[in-house]
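K.L.:
One structure follows; several queries about it will come next.
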Amino acid sequence: MSKPSQNEGPKPLTPVELELMQIVWRKGEVSVADVLEALPPERKLAYTSVSTVLRILEQKGVLGSRKVGRGHLYSALLPREAYEVQSVRHLVETVFDGTPSALVERLVEAVPLSPEEVEQIRKLLSKKGSPS
């Protein structure tokens, strides 16, 4: 079995981990109570569950924390953009057999795109294809 490369980063986050990271990325430094408050009202997570997931994210090296009073404040060590890059690379390798064009093909087939989004994608591809 091959050893993962050093720039691969952490494994993809679980759905709950990603849900909480979205809150951390949006808010910056947060307490467990801040995360609970930011969850949609229909999303019922216990204080202890949120605390446990944040500690797991800290152990994974995705979050850092500092003690404040009796609690902790958590902040992202992994920027959202870096996670997005890792996730797309992982998706291309695992789902699309290492073929980025297959991902793009599915994207334009499966996701409704406005004319503005299509134009933005064209510009990005044109920029990527031009010699630097």
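Please note that chains go A, B, ... in the order of the structure tokens, that every chain numbers its residues from 1, and that ligands are numbered from 1 in the order shown.
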Among range 28-131 of chain A, which residues does DSSP mark as strand (DSSP E or B) when it is run on the backbone? Keep the chain and numbering as in the structure and answer as an NGL selection string.

P.N.:
:A and (30 or 63-68 or 71-76)

K.L.:
For the residues in the current selection, export all heavy atoms as a tab-separated table (two decimals), in the first residue's frame.

P.N.:
chain	number	residue	atom	x	y	z
A	30	VAL	N	-14.63	30.36	18.24
A	30	VAL	CA	-15.94	30.01	18.81
A	30	VAL	C	-15.81	29.13	20.04
A	30	VAL	O	-14.86	28.38	20.20
A	30	VAL	CB	-16.81	29.24	17.78
A	30	VAL	CG1	-17.15	30.10	16.59
A	30	VAL	CG2	-16.15	27.94	17.35
A	63	LEU	N	-8.49	22.06	14.02
A	63	LEU	CA	-8.80	23.17	14.92
A	63	LEU	C	-7.70	23.33	15.96
A	63	LEU	O	-7.04	22.36	16.32
A	63	LEU	CB	-10.10	22.89	15.70
A	63	LEU	CG	-11.43	23.00	15.00
A	63	LEU	CD1	-12.56	22.69	15.98
A	63	LEU	CD2	-11.63	24.37	14.39
A	64	GLY	N	-7.56	24.55	16.44
A	64	GLY	CA	-6.73	24.82	17.60
A	64	GLY	C	-7.64	25.34	18.70
A	64	GLY	O	-8.77	25.77	18.43
A	65	SER	N	-7.17	25.31	19.94
A	65	SER	CA	-8.00	25.83	21.02
A	65	SER	C	-7.13	26.54	22.04
A	65	SER	O	-5.92	26.33	22.12
A	65	SER	CB	-8.78	24.71	21.70
A	65	SER	OG	-7.93	23.92	22.49
A	66	ARG	N	-7.79	27.40	22.80
A	66	ARG	CA	-7.14	28.04	23.95
A	66	ARG	C	-8.15	28.05	25.08
A	66	ARG	O	-9.36	28.22	24.86
A	66	ARG	CB	-6.62	29.42	23.60
A	66	ARG	CG	-7.65	30.44	23.25
A	66	ARG	CD	-7.01	31.77	22.80
A	66	ARG	NE	-8.02	32.74	22.46
A	66	ARG	CZ	-8.52	33.63	23.30
A	66	ARG	NH1	-8.09	33.71	24.54
A	66	ARG	NH2	-9.45	34.49	22.90
A	67	LYS	N	-7.63	27.85	26.29
A	67	LYS	CA	-8.49	27.79	27.46
A	67	LYS	C	-8.85	29.21	27.88
A	67	LYS	O	-8.00	30.09	27.96
A	67	LYS	CB	-7.77	27.07	28.60
A	67	LYS	CG	-8.65	26.80	29.79
A	67	LYS	CD	-8.27	25.49	30.45
A	67	LYS	CE	-9.10	25.20	31.67
A	67	LYS	NZ	-10.52	25.10	31.43
A	68	VAL	N	-10.15	29.42	28.10
A	68	VAL	CA	-10.65	30.71	28.58
A	68	VAL	C	-11.63	30.40	29.70
A	68	VAL	O	-12.68	29.80	29.45
A	68	VAL	CB	-11.34	31.51	27.45
A	68	VAL	CG1	-11.94	32.79	28.00
A	68	VAL	CG2	-10.39	31.80	26.32
A	71	GLY	N	-13.88	27.07	29.99
A	71	GLY	CA	-14.10	26.47	28.67
A	71	GLY	C	-12.94	26.70	27.72
A	71	GLY	O	-11.84	27.10	28.13
A	72	HIS	N	-13.19	26.43	26.46
A	72	HIS	CA	-12.19	26.61	25.42
A	72	HIS	C	-12.79	27.42	24.28
A	72	HIS	O	-13.99	27.36	24.04
A	72	HIS	CB	-11.74	25.25	24.86
A	72	HIS	CG	-10.91	24.46	25.79
A	72	HIS	ND1	-11.45	23.67	26.77
A	72	HIS	CD2	-9.57	24.36	25.91
A	72	HIS	CE1	-10.47	23.09	27.45
A	72	HIS	NE2	-9.32	23.49	26.95
A	73	LEU	N	-11.93	28.14	23.60
A	73	LEU	CA	-12.30	28.80	22.35
A	73	LEU	C	-11.55	28.08	21.24
A	73	LEU	O	-10.34	27.83	21.36
A	73	LEU	CB	-11.94	30.28	22.37
A	73	LEU	CG	-12.78	31.17	23.28
A	73	LEU	CD1	-12.29	32.61	23.22
A	73	LEU	CD2	-14.27	31.10	22.89
A	74	TYR	N	-12.27	27.74	20.18
A	74	TYR	CA	-11.70	26.99	19.06
A	74	TYR	C	-11.59	27.88	17.84
A	74	TYR	O	-12.46	28.72	17.59
A	74	TYR	CB	-12.59	25.79	18.73
A	74	TYR	CG	-12.68	24.78	19.85
A	74	TYR	CD1	-13.67	24.88	20.83
A	74	TYR	CD2	-11.77	23.73	19.94
A	74	TYR	CE1	-13.75	23.96	21.87
A	74	TYR	CE2	-11.84	22.81	20.97
A	74	TYR	CZ	-12.83	22.93	21.93
A	74	TYR	OH	-12.90	22.02	22.94
A	75	SER	N	-10.53	27.68	17.07
A	75	SER	CA	-10.38	28.40	15.81
A	75	SER	C	-9.75	27.45	14.78
A	75	SER	O	-9.06	26.49	15.13
A	75	SER	CB	-9.51	29.65	15.99
A	75	SER	OG	-8.26	29.29	16.53
A	76	ALA	N	-10.02	27.75	13.52
A	76	ALA	CA	-9.56	26.89	12.44
A	76	ALA	C	-8.05	27.00	12.24
A	76	ALA	O	-7.50	28.10	12.17
A	76	ALA	CB	-10.28	27.25	11.15

K.L.:
Excluding Pro79 in chain A and its own-chain neighbours fewer than 4 positions away, which residues fall within 12 Å of it when counting only C-alpha atoms? Please give them as a tab-separated table (two decimals) with N, CA and C atoms, in the first residue's frame.

P.N.:
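The resulting file, selection-v9.tsv, is shown below:
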chain	number	residue	atom	x	y	z
A	9	GLY	N	-2.76	16.29	3.35
A	9	GLY	CA	-3.55	16.85	4.44
A	9	GLY	C	-4.43	15.80	5.08
A	21	MET	N	-17.35	22.73	11.16
A	21	MET	CA	-16.26	23.54	10.59
A	21	MET	C	-16.82	24.71	9.79
A	22	GLN	N	-17.94	24.51	9.10
A	22	GLN	CA	-18.55	25.63	8.35
A	22	GLN	C	-18.86	26.78	9.31
A	24	VAL	N	-17.31	27.35	12.25
A	24	VAL	CA	-16.03	27.91	12.71
A	24	VAL	C	-15.44	28.82	11.64
A	25	TRP	N	-15.43	28.37	10.38
A	25	TRP	CA	-14.89	29.20	9.30
A	25	TRP	C	-15.67	30.50	9.17
A	26	ARG	N	-16.98	30.44	9.35
A	26	ARG	CA	-17.81	31.63	9.20
A	26	ARG	C	-17.62	32.60	10.36
A	28	GLY	N	-15.11	32.44	12.94
A	28	GLY	CA	-13.77	32.67	13.47
A	28	GLY	C	-13.56	31.86	14.74
A	61	GLY	N	-5.94	18.02	14.04
A	61	GLY	CA	-5.11	19.14	13.59
A	61	GLY	C	-5.84	20.15	12.73
A	62	VAL	N	-7.17	20.07	12.71
A	62	VAL	CA	-7.98	20.98	11.91
A	62	VAL	C	-8.34	22.23	12.71
A	63	LEU	N	-8.49	22.06	14.02
A	63	LEU	CA	-8.80	23.17	14.92
A	63	LEU	C	-7.70	23.33	15.96
A	64	GLY	N	-7.56	24.55	16.44
A	64	GLY	CA	-6.73	24.82	17.60
A	64	GLY	C	-7.64	25.34	18.70
A	75	SER	N	-10.53	27.68	17.07
A	75	SER	CA	-10.38	28.40	15.81
A	75	SER	C	-9.75	27.45	14.78
A	83	TYR	N	-9.02	23.28	2.64
A	83	TYR	CA	-9.88	22.09	2.72
A	83	TYR	C	-10.61	21.86	1.41
A	84	GLU	N	-11.08	22.93	0.78
A	84	GLU	CA	-11.75	22.80	-0.52
A	84	GLU	C	-10.82	22.16	-1.54
A	85	VAL	N	-9.57	22.63	-1.59
A	85	VAL	CA	-8.59	22.07	-2.53
A	85	VAL	C	-8.36	20.59	-2.24
A	86	GLN	N	-8.14	20.25	-0.98
A	86	GLN	CA	-7.93	18.85	-0.60
A	86	GLN	C	-9.12	18.00	-0.98

K.L.:
At what distance in Å, to one decimal, does CA of Leu13 in chain A lie from CA of Ile121 in chain A?

P.N.:
26.7 Å

K.L.:
Within 7 Å of Leu103 in chain A, counting only C-alpha atoms, which residues qualify if same-chain residues fewer than 4 places away don't, as a PyMOL selection string?

P.N.:
chain A and resi 92+96+107

K.L.:
Using CA of His90 in chain A and CA of Ser130 in chain A as the two end points, give the distance in Å to one decimal.

P.N.:
25.5 Å

K.L.:
Check the smallest atom-to-atom distance from each of A:Arg43, A:Leu124, A:Glu105, A:Glu29 to Leu77 in chain A using only C-alpha atoms, then report the winner.

P.N.:
A:Glu29
